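Dumped my_file25.cif below, it's mmCIF, C-alpha atoms; chains and numbers go by the auth columns:
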```cif
data_model
#
loop_
_atom_site.group_PDB
_atom_site.id
_atom_site.type_symbol
_atom_site.label_atom_id
_atom_site.label_comp_id
_atom_site.label_asym_id
_atom_site.label_seq_id
_atom_site.Cartn_x
_atom_site.Cartn_y
_atom_site.Cartn_z
_atom_site.B_iso_or_equiv
_atom_site.auth_seq_id
_atom_site.auth_asym_id
ATOM 1 C CA MET A 1 -26.791 -32.883 -22.298 0.00 1 P
ATOM 2 C CA ASN A 2 -25.426 -29.789 -20.571 0.00 2 P
ATOM 3 C CA PRO A 3 -21.731 -29.361 -21.608 0.00 3 P
ATOM 4 C CA PHE A 4 -20.910 -27.910 -18.151 0.00 4 P
ATOM 5 C CA SER A 5 -22.391 -30.789 -16.203 0.00 5 P
ATOM 6 C CA SER A 6 -19.407 -33.141 -16.137 0.00 6 P
ATOM 7 C CA TRP A 7 -16.677 -32.590 -13.566 0.00 7 P
ATOM 8 C CA LYS A 8 -14.049 -32.713 -16.342 0.00 8 P
ATOM 9 C CA ASN A 9 -15.664 -29.812 -18.183 0.00 9 P
ATOM 10 C CA ARG A 10 -16.015 -27.794 -14.968 0.00 10 P
ATOM 11 C CA LEU A 11 -12.347 -28.432 -14.143 0.00 11 P
ATOM 12 C CA LEU A 12 -11.355 -27.298 -17.643 0.00 12 P
ATOM 13 C CA ILE A 13 -13.336 -24.066 -17.187 0.00 13 P
ATOM 14 C CA VAL A 14 -11.661 -23.381 -13.820 0.00 14 P
ATOM 15 C CA LEU A 15 -8.216 -23.971 -15.324 0.00 15 P
ATOM 16 C CA LEU A 16 -8.904 -21.710 -18.303 0.00 16 P
ATOM 17 C CA CYS A 17 -10.167 -18.942 -16.023 0.00 17 P
ATOM 18 C CA SER A 18 -7.071 -19.311 -13.856 0.00 18 P
ATOM 19 C CA PHE A 19 -4.755 -18.800 -16.823 0.00 19 P
ATOM 20 C CA THR A 20 -6.657 -15.868 -18.294 0.00 20 P
ATOM 21 C CA ASN A 21 -7.078 -14.143 -14.922 0.00 21 P
ATOM 22 C CA PRO A 22 -4.119 -15.292 -12.811 0.00 22 P
ATOM 23 C CA ILE A 23 -4.366 -15.353 -9.049 0.00 23 P
ATOM 24 C CA TRP A 24 -0.665 -14.527 -8.682 0.00 24 P
ATOM 25 C CA GLY A 25 0.970 -11.199 -9.398 0.00 25 P
ATOM 26 C CA ILE A 26 3.521 -10.105 -11.959 0.00 26 P
ATOM 27 C CA ASP A 27 6.270 -7.496 -12.136 0.00 27 P
ATOM 28 C CA ILE A 28 4.952 -4.372 -13.853 0.00 28 P
ATOM 29 C CA TYR A 29 7.307 -1.565 -14.928 0.00 29 P
ATOM 30 C CA TRP A 30 6.524 2.129 -15.387 0.00 30 P
ATOM 31 C CA ILE A 31 7.556 3.526 -18.784 0.00 31 P
ATOM 32 C CA GLY A 32 7.218 6.790 -20.703 0.00 32 P
ATOM 33 C CA GLY A 33 7.908 9.507 -18.127 0.00 33 P
ATOM 34 C CA SER A 34 5.149 11.671 -16.640 0.00 34 P
ATOM 35 C CA GLY A 35 1.655 10.281 -16.539 0.00 35 P
ATOM 36 C CA LYS A 36 -1.357 8.967 -14.668 0.00 36 P
ATOM 37 C CA TRP A 37 -1.270 5.665 -12.777 0.00 37 P
ATOM 38 C CA SER A 38 -4.508 4.595 -14.491 0.00 38 P
ATOM 39 C CA ASP A 39 -3.059 5.013 -18.018 0.00 39 P
ATOM 40 C CA LEU A 40 -2.210 1.515 -19.270 0.00 40 P
ATOM 41 C CA SER A 41 0.194 2.982 -21.863 0.00 41 P
ATOM 42 C CA HIS A 42 2.612 3.745 -18.983 0.00 42 P
ATOM 43 C CA TRP A 43 2.947 0.100 -17.937 0.00 43 P
ATOM 44 C CA ALA A 44 5.075 -2.689 -19.433 0.00 44 P
ATOM 45 C CA THR A 45 5.977 -6.255 -18.516 0.00 45 P
ATOM 46 C CA THR A 46 9.728 -5.562 -18.760 0.00 46 P
ATOM 47 C CA SER A 47 11.980 -2.615 -17.935 0.00 47 P
ATOM 48 C CA GLY A 48 11.686 -0.131 -20.820 0.00 48 P
ATOM 49 C CA GLY A 49 9.561 -2.684 -22.667 0.00 49 P
ATOM 50 C CA ILE A 50 6.718 -2.309 -25.118 0.00 50 P
ATOM 51 C CA ILE A 51 4.522 -5.272 -24.143 0.00 51 P
ATOM 52 C CA ARG A 52 1.632 -4.076 -21.996 0.00 52 P
ATOM 53 C CA PRO A 53 0.102 -6.011 -19.102 0.00 53 P
ATOM 54 C CA SER A 54 -3.611 -6.734 -19.364 0.00 54 P
ATOM 55 C CA ALA A 55 -4.432 -4.248 -16.597 0.00 55 P
ATOM 56 C CA ILE A 56 -2.867 -1.580 -14.394 0.00 56 P
ATOM 57 C CA PRO A 57 -1.186 -2.910 -11.228 0.00 57 P
ATOM 58 C CA GLY A 58 -3.310 -4.736 -8.697 0.00 58 P
ATOM 59 C CA ALA A 59 -2.894 -6.032 -5.162 0.00 59 P
ATOM 60 C CA LYS A 60 -0.601 -8.918 -6.144 0.00 60 P
ATOM 61 C CA ASP A 61 1.616 -7.041 -8.606 0.00 61 P
ATOM 62 C CA ASN A 62 5.127 -5.746 -7.941 0.00 62 P
ATOM 63 C CA VAL A 63 5.421 -2.190 -9.277 0.00 63 P
ATOM 64 C CA ILE A 64 8.891 -1.155 -10.415 0.00 64 P
ATOM 65 C CA PHE A 65 10.175 2.267 -11.446 0.00 65 P
ATOM 66 C CA ASP A 66 13.779 2.233 -12.658 0.00 66 P
ATOM 67 C CA ALA A 67 16.325 3.995 -14.906 0.00 67 P
ATOM 68 C CA ASN A 68 14.172 3.181 -17.975 0.00 68 P
ATOM 69 C CA SER A 69 11.041 4.796 -16.532 0.00 69 P
ATOM 70 C CA PHE A 70 12.011 8.450 -17.068 0.00 70 P
ATOM 71 C CA ASN A 71 14.061 10.404 -19.602 0.00 71 P
ATOM 72 C CA ALA A 72 14.155 13.820 -17.895 0.00 72 P
ATOM 73 C CA PRO A 73 14.140 15.244 -14.356 0.00 73 P
ATOM 74 C CA ASN A 74 11.053 16.490 -12.495 0.00 74 P
ATOM 75 C CA GLN A 75 8.555 14.190 -14.142 0.00 75 P
ATOM 76 C CA VAL A 76 5.281 13.482 -12.328 0.00 76 P
ATOM 77 C CA ILE A 77 3.426 10.289 -11.481 0.00 77 P
ATOM 78 C CA GLN A 78 -0.188 11.196 -10.759 0.00 78 P
ATOM 79 C CA ILE A 79 -1.979 8.671 -8.558 0.00 79 P
ATOM 80 C CA ASP A 80 -5.395 9.411 -10.041 0.00 80 P
ATOM 81 C CA GLN A 81 -7.478 6.578 -8.627 0.00 81 P
ATOM 82 C CA GLN A 82 -9.569 6.702 -5.473 0.00 82 P
ATOM 83 C CA ILE A 83 -8.081 3.362 -4.356 0.00 83 P
ATOM 84 C CA THR A 84 -4.690 2.126 -5.564 0.00 84 P
ATOM 85 C CA PHE A 85 -3.168 -1.305 -4.937 0.00 85 P
ATOM 86 C CA CYS A 86 0.194 -2.994 -5.320 0.00 86 P
ATOM 87 C CA GLN A 87 2.042 -5.874 -3.752 0.00 87 P
ATOM 88 C CA SER A 88 5.235 -3.829 -3.577 0.00 88 P
ATOM 89 C CA LEU A 89 6.460 -0.479 -4.883 0.00 89 P
ATOM 90 C CA ASN A 90 10.158 -0.262 -5.728 0.00 90 P
ATOM 91 C CA MET A 91 11.521 3.095 -6.888 0.00 91 P
ATOM 92 C CA SER A 92 15.041 2.573 -5.539 0.00 92 P
ATOM 93 C CA ALA A 93 16.668 2.433 -9.017 0.00 93 P
ATOM 94 C CA VAL A 94 15.160 5.671 -10.381 0.00 94 P
ATOM 95 C CA ASN A 95 17.974 7.960 -11.612 0.00 95 P
ATOM 96 C CA GLN A 96 15.944 11.156 -12.262 0.00 96 P
ATOM 97 C CA THR A 97 14.053 13.443 -9.882 0.00 97 P
ATOM 98 C CA VAL A 98 10.443 12.216 -9.835 0.00 98 P
ATOM 99 C CA ASN A 99 7.335 13.554 -8.096 0.00 99 P
ATOM 100 C CA VAL A 100 4.703 11.074 -6.899 0.00 100 P
ATOM 101 C CA GLN A 101 1.461 12.984 -6.364 0.00 101 P
ATOM 102 C CA GLY A 102 -2.096 12.129 -5.398 0.00 102 P
ATOM 103 C CA ALA A 103 -5.160 13.698 -3.816 0.00 103 P
ATOM 104 C CA ALA A 104 -5.931 13.628 -0.098 0.00 104 P
ATOM 105 C CA SER A 105 -9.061 11.604 -0.852 0.00 105 P
ATOM 106 C CA GLY A 106 -7.012 8.691 -2.247 0.00 106 P
ATOM 107 C CA VAL A 107 -6.053 5.467 -0.482 0.00 107 P
ATOM 108 C CA TRP A 108 -2.976 3.425 -1.405 0.00 108 P
ATOM 109 C CA ASN A 109 -2.833 -0.206 -0.238 0.00 109 P
ATOM 110 C CA ILE A 110 0.626 -1.811 -0.193 0.00 110 P
ATOM 111 C CA PHE A 111 1.044 -5.493 0.696 0.00 111 P
ATOM 112 C CA GLY A 112 4.843 -5.745 0.546 0.00 112 P
ATOM 113 C CA ASP A 113 7.919 -3.523 0.161 0.00 113 P
ATOM 114 C CA LEU A 114 7.945 0.243 -0.259 0.00 114 P
ATOM 115 C CA LYS A 115 11.396 1.315 -1.457 0.00 115 P
ATOM 116 C CA LEU A 116 12.093 4.923 -2.432 0.00 116 P
ATOM 117 C CA ASN A 117 15.373 6.735 -3.011 0.00 117 P
ATOM 118 C CA ASN A 118 16.483 10.340 -2.476 0.00 118 P
ATOM 119 C CA ARG A 119 15.426 11.332 -6.024 0.00 119 P
ATOM 120 C CA ILE A 120 11.766 10.605 -5.259 0.00 120 P
ATOM 121 C CA ASN A 121 9.513 13.402 -3.975 0.00 121 P
ATOM 122 C CA PHE A 122 6.664 11.425 -2.431 0.00 122 P
ATOM 123 C CA THR A 123 3.910 14.016 -2.119 0.00 123 P
ATOM 124 C CA PHE A 124 0.961 11.609 -2.219 0.00 124 P
ATOM 125 C CA LEU A 125 -1.545 13.264 0.144 0.00 125 P
ATOM 126 C CA GLY A 126 -3.864 10.298 0.702 0.00 126 P
ATOM 127 C CA GLU A 127 -3.953 7.505 3.249 0.00 127 P
ATOM 128 C CA VAL A 128 -1.390 4.693 2.959 0.00 128 P
ATOM 129 C CA ASN A 129 -2.309 1.243 4.268 0.00 129 P
ATOM 130 C CA PHE A 130 0.316 -1.433 4.814 0.00 130 P
ATOM 131 C CA SER A 131 -0.701 -5.056 5.198 0.00 131 P
ATOM 132 C CA ALA A 132 2.328 -7.337 4.890 0.00 132 P
ATOM 133 C CA ALA A 133 1.725 -10.594 3.099 0.00 133 P
ATOM 134 C CA SER A 134 5.313 -11.796 3.616 0.00 134 P
ATOM 135 C CA ALA A 135 7.907 -11.763 6.373 0.00 135 P
ATOM 136 C CA ASN A 136 10.091 -8.675 6.654 0.00 136 P
ATOM 137 C CA ALA A 137 8.559 -6.460 3.984 0.00 137 P
ATOM 138 C CA GLN A 138 10.901 -3.460 3.737 0.00 138 P
ATOM 139 C CA ILE A 139 10.004 0.221 4.126 0.00 139 P
ATOM 140 C CA GLN A 140 12.674 2.623 2.861 0.00 140 P
ATOM 141 C CA MET A 141 11.468 6.234 2.697 0.00 141 P
ATOM 142 C CA ALA A 142 14.845 7.837 1.814 0.00 142 P
ATOM 143 C CA GLY A 143 13.985 11.156 3.451 0.00 143 P
ATOM 144 C CA ASN A 144 10.361 11.279 2.279 0.00 144 P
ATOM 145 C CA ALA A 145 7.381 11.734 4.571 0.00 145 P
ATOM 146 C CA PHE A 146 3.830 10.475 4.600 0.00 146 P
ATOM 147 C CA HIS A 147 1.302 13.325 4.524 0.00 147 P
ATOM 148 C CA SER A 148 -1.830 11.605 5.796 0.00 148 P
ATOM 149 C CA ILE A 149 -2.874 8.593 7.836 0.00 149 P
ATOM 150 C CA VAL A 150 -0.503 5.631 7.724 0.00 150 P
ATOM 151 C CA ARG A 151 -2.070 2.375 8.855 0.00 151 P
ATOM 152 C CA PHE A 152 -0.438 -0.975 9.588 0.00 152 P
ATOM 153 C CA LYS A 153 -3.031 -3.745 9.433 0.00 153 P
ATOM 154 C CA GLU A 154 -2.880 -7.345 10.560 0.00 154 P
ATOM 155 C CA ASN A 155 -1.873 -9.893 7.941 0.00 155 P
ATOM 156 C CA THR A 156 0.419 -12.882 7.715 0.00 156 P
ATOM 157 C CA GLY A 157 3.730 -11.005 7.442 0.00 157 P
ATOM 158 C CA SER A 158 5.765 -8.278 9.094 0.00 158 P
ATOM 159 C CA PHE A 159 7.368 -4.943 8.208 0.00 159 P
ATOM 160 C CA GLN A 160 10.912 -3.747 8.767 0.00 160 P
ATOM 161 C CA LEU A 161 11.780 -0.058 8.671 0.00 161 P
ATOM 162 C CA ASN A 162 15.058 0.813 6.918 0.00 162 P
ATOM 163 C CA GLY A 163 15.766 4.400 7.908 0.00 163 P
ATOM 164 C CA ASN A 164 13.612 7.162 9.335 0.00 164 P
ATOM 165 C CA LEU A 165 9.834 7.254 9.211 0.00 165 P
ATOM 166 C CA GLU A 166 8.254 10.708 9.110 0.00 166 P
ATOM 167 C CA ILE A 167 4.480 11.152 9.217 0.00 167 P
ATOM 168 C CA ASP A 168 2.706 14.519 9.084 0.00 168 P
ATOM 169 C CA SER A 169 -0.569 13.060 10.303 0.00 169 P
ATOM 170 C CA LEU A 170 -1.573 9.909 12.177 0.00 170 P
ATOM 171 C CA LEU A 171 0.159 6.535 12.570 0.00 171 P
ATOM 172 C CA LEU A 172 -2.151 3.610 13.377 0.00 172 P
ATOM 173 C CA PHE A 173 -1.067 0.112 14.354 0.00 173 P
ATOM 174 C CA GLU A 174 -4.025 -2.222 14.000 0.00 174 P
ATOM 175 C CA GLY A 175 -2.002 -5.393 14.442 0.00 175 P
ATOM 176 C CA GLY A 176 0.891 -7.284 12.973 0.00 176 P
ATOM 177 C CA VAL A 177 4.646 -6.962 13.469 0.00 177 P
ATOM 178 C CA PHE A 178 6.609 -3.759 12.857 0.00 178 P
ATOM 179 C CA VAL A 179 10.397 -3.717 13.364 0.00 179 P
ATOM 180 C CA SER A 180 11.848 -0.210 13.602 0.00 180 P
ATOM 181 C CA LYS A 181 15.499 -1.288 13.889 0.00 181 P
ATOM 182 C CA GLY A 182 15.945 1.154 16.754 0.00 182 P
#
```

Now that the file is in, can you turn its structure into structure tokens?
Amino acid sequence: MNPFSSWKNRLLIVLLCSFTNPIWGIDIYWIGGSGKWSDLSHWATTSGGIIRPSAIPGAKDNVIFDANSFNAPNQVIQIDQQITFCQSLNMSAVNQTVNVQGAASGVWNIFGDLKLNNRINFTFLGEVNFSAASANAQIQMAGNAFHSIVRFKENTGSFQLNGNLEIDSLLLFEGGVFVSKG
């Protein structure tokens, strides 16, 4: 008899796969100062923590940079992947000057909030795609500019701009709701 033939065994396999590869996101914190986005040693499951997630951030994960992420000014986060994903990116609690860099050939997909502060130098040169999965996802640039194409795509949510939006290239609205607050 095939052990996978009964519906109970198939259900058990689906449940096990769901727990080992969750379909929901987690909060992932940057640790250890300067480094490459793709380096798993720079990610932890708690602020300043030592427990690593099973993978670098994905489309459903909330990425958080805070006071425990850096120990000196002018450290660099290198976005070294061709395509980068996160549910949200929150750098509002960073207390050091930080440079976020990436090549013009890169694409960053954000499905929720983007929150920077005035200590962040956002010099990512690639395309940034927003596709809100929740109502009123917040965009807070804190004086930073986008340096390539910025695209707002249709999804189930909406975006709300908190402050100025500066773009050195092209702004594309492909659908959805964008609230500029004047």

Going by the chain IDs and residue numbers used in this file, which residues fall under the PyMOL selection byres ((chain P and resi 140) around 6)? Write them as a PyMOL selection string.
chain P and resi 115-116+139+141-142+162

Around (-5.0, 4.7, 3.9) in the file's frame, which residues reach within 6 Å when counting only C-alpha atoms? Return as a VMD selection string?
chain P and resid 107 to 108 127 to 129 149 to 150

Could you turn the residues from that selection into a file that holds C-alpha atoms, as a short mmCIF file (atom, residue, chain, number, x, y, z; two decimals), keeping the file's coordinate frame?
```
data_model
loop_
_atom_site.label_atom_id
_atom_site.label_comp_id
_atom_site.auth_asym_id
_atom_site.auth_seq_id
_atom_site.Cartn_x
_atom_site.Cartn_y
_atom_site.Cartn_z
CA VAL P 107 -6.05 5.47 -0.48
CA TRP P 108 -2.98 3.42 -1.40
CA GLU P 127 -3.95 7.50 3.25
CA VAL P 128 -1.39 4.69 2.96
CA ASN P 129 -2.31 1.24 4.27
CA ILE P 149 -2.87 8.59 7.84
CA VAL P 150 -0.50 5.63 7.72
#
```

Each segment 132-177 of chain P residue no farther than 12 Å from segment 60-83 of chain P, nearest pair in Å, all atoms listed in the file, as JSON lines:
```
{"residue": "P:Ala132", "atom": "CA", "partner": "P:Lys60", "partner_atom": "CA", "distance": 11.5}
{"residue": "P:Ala133", "atom": "CA", "partner": "P:Lys60", "partner_atom": "CA", "distance": 9.7}
{"residue": "P:Ser134", "atom": "CA", "partner": "P:Lys60", "partner_atom": "CA", "distance": 11.8}
```

Please, which residues are within 12 Å of (6.1, 10.9, -6.0) by the file's coordinates, counting only C-alpha atoms, and could they come as a VMD selection string?
chain P and resid 34 to 37 65 74 to 79 89 to 91 94 96 to 103 115 to 125 141 144 to 147

Going by the chain IDs and residue numbers used in this file, which residues fall under the PyMOL selection byres ((chain P and resi 112) around 8)? Write them as a PyMOL selection string.
chain P and resi 86-89+110-111+113-114+130-134+137-138

Using only C-alpha atoms for the distances, tell me which of P:Leu40, P:Thr45, P:Ser148, P:Ile51 is nearest to Glu166 of chain P.
P:Ser148

When you count all atoms listed in the file, which of these residues is closest to Ala104 of chain P: P:Ser92, P:Ser169, P:Ile56, P:Ile28?
P:Ser169

How many Å separate atom CA of Tyr29 of chain P from atom CA of Gly106 of chain P?
21.7 Å

Given 8 Å on each side, where is the centre and what are the edge lengths in Å to one decimal of the axis-aligned box enclosing the listed atoms of segment 117-122 of chain P, as JSON?
```
{"center_x": 11.6, "center_y": 10.1, "center_z": -4.2, "size_x": 25.8, "size_y": 22.7, "size_z": 19.6}
```

Take atom CA of Ala135 of chain P and atom CA of Thr84 of chain P and report the distance between them in Å, one decimal.
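So the two atoms, atom CA of Ala135 of chain P and atom CA of Thr84 of chain P, lie 22.2 Å apart.
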
Take atom CA of Asp27 of chain P and atom CA of Phe152 of chain P and report the distance between them in Å, one decimal.
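Computing it gives 23.7 Å between the two atoms.
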
Minimum-distance residue to Val179 of chain P, chosen among P:Phe159, P:Arg151, P:Ser47, P:Leu165 (using all atoms listed in the file):
P:Phe159

Please determine, counting all atoms listed in the file, which residue among P:Ala55, P:Ile167, P:Ala93, P:Val177 has the shortest atom-to-atom distance to Ser41 of chain P.
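So, comparing all the options, the nearest one is P:Ala55.
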
Which one of P:Asn136, P:Leu170, P:Phe178, P:Gly48 sits closest to Glu154 of chain P if you count only C-alpha atoms?
P:Phe178

Have segment 105-117 of chain P completed to N, CA and C atoms, please, and pass it along as a PDB file, keeping the file's coordinate frame.
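Result written to selection-v7.pdb:
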```pdb
ATOM      1  N   SER P 105      -7.937  12.544  -0.923  1.00  0.00           N
ATOM      2  CA  SER P 105      -9.061  11.604  -0.852  1.00  0.00           C
ATOM      3  C   SER P 105      -8.667  10.186  -1.270  1.00  0.00           C
ATOM      4  N   GLY P 106      -7.452  10.001  -1.775  1.00  0.00           N
ATOM      5  CA  GLY P 106      -7.012   8.691  -2.247  1.00  0.00           C
ATOM      6  C   GLY P 106      -6.545   7.784  -1.125  1.00  0.00           C
ATOM      7  N   VAL P 107      -6.557   6.487  -1.408  1.00  0.00           N
ATOM      8  CA  VAL P 107      -6.053   5.467  -0.482  1.00  0.00           C
ATOM      9  C   VAL P 107      -5.141   4.539  -1.277  1.00  0.00           C
ATOM     10  N   TRP P 108      -3.939   4.314  -0.759  1.00  0.00           N
ATOM     11  CA  TRP P 108      -2.976   3.425  -1.405  1.00  0.00           C
ATOM     12  C   TRP P 108      -2.757   2.236  -0.486  1.00  0.00           C
ATOM     13  N   ASN P 109      -3.005   1.035  -0.987  1.00  0.00           N
ATOM     14  CA  ASN P 109      -2.833  -0.206  -0.238  1.00  0.00           C
ATOM     15  C   ASN P 109      -1.601  -0.931  -0.747  1.00  0.00           C
ATOM     16  N   ILE P 110      -0.637  -1.163   0.157  1.00  0.00           N
ATOM     17  CA  ILE P 110       0.626  -1.811  -0.193  1.00  0.00           C
ATOM     18  C   ILE P 110       0.761  -3.068   0.660  1.00  0.00           C
ATOM     19  N   PHE P 111       1.013  -4.212   0.011  1.00  0.00           N
ATOM     20  CA  PHE P 111       1.044  -5.493   0.696  1.00  0.00           C
ATOM     21  C   PHE P 111       2.452  -6.070   0.822  1.00  0.00           C
ATOM     22  N   GLY P 112       3.454  -5.292   0.473  1.00  0.00           N
ATOM     23  CA  GLY P 112       4.843  -5.745   0.546  1.00  0.00           C
ATOM     24  C   GLY P 112       5.764  -4.558   0.733  1.00  0.00           C
ATOM     25  N   ASP P 113       6.888  -4.555   0.018  1.00  0.00           N
ATOM     26  CA  ASP P 113       7.919  -3.523   0.161  1.00  0.00           C
ATOM     27  C   ASP P 113       7.466  -2.160  -0.365  1.00  0.00           C
ATOM     28  N   LEU P 114       7.991  -1.122   0.261  1.00  0.00           N
ATOM     29  CA  LEU P 114       7.945   0.243  -0.259  1.00  0.00           C
ATOM     30  C   LEU P 114       9.374   0.747  -0.212  1.00  0.00           C
ATOM     31  N   LYS P 115       9.998   0.899  -1.385  1.00  0.00           N
ATOM     32  CA  LYS P 115      11.396   1.315  -1.457  1.00  0.00           C
ATOM     33  C   LYS P 115      11.511   2.553  -2.339  1.00  0.00           C
ATOM     34  N   LEU P 116      11.867   3.669  -1.720  1.00  0.00           N
ATOM     35  CA  LEU P 116      12.093   4.923  -2.432  1.00  0.00           C
ATOM     36  C   LEU P 116      13.583   5.229  -2.388  1.00  0.00           C
ATOM     37  N   ASN P 117      14.014   6.232  -3.159  1.00  0.00           N
ATOM     38  CA  ASN P 117      15.373   6.735  -3.011  1.00  0.00           C
ATOM     39  C   ASN P 117      15.308   8.254  -2.883  1.00  0.00           C
TER      40      ASN P 117
END
```
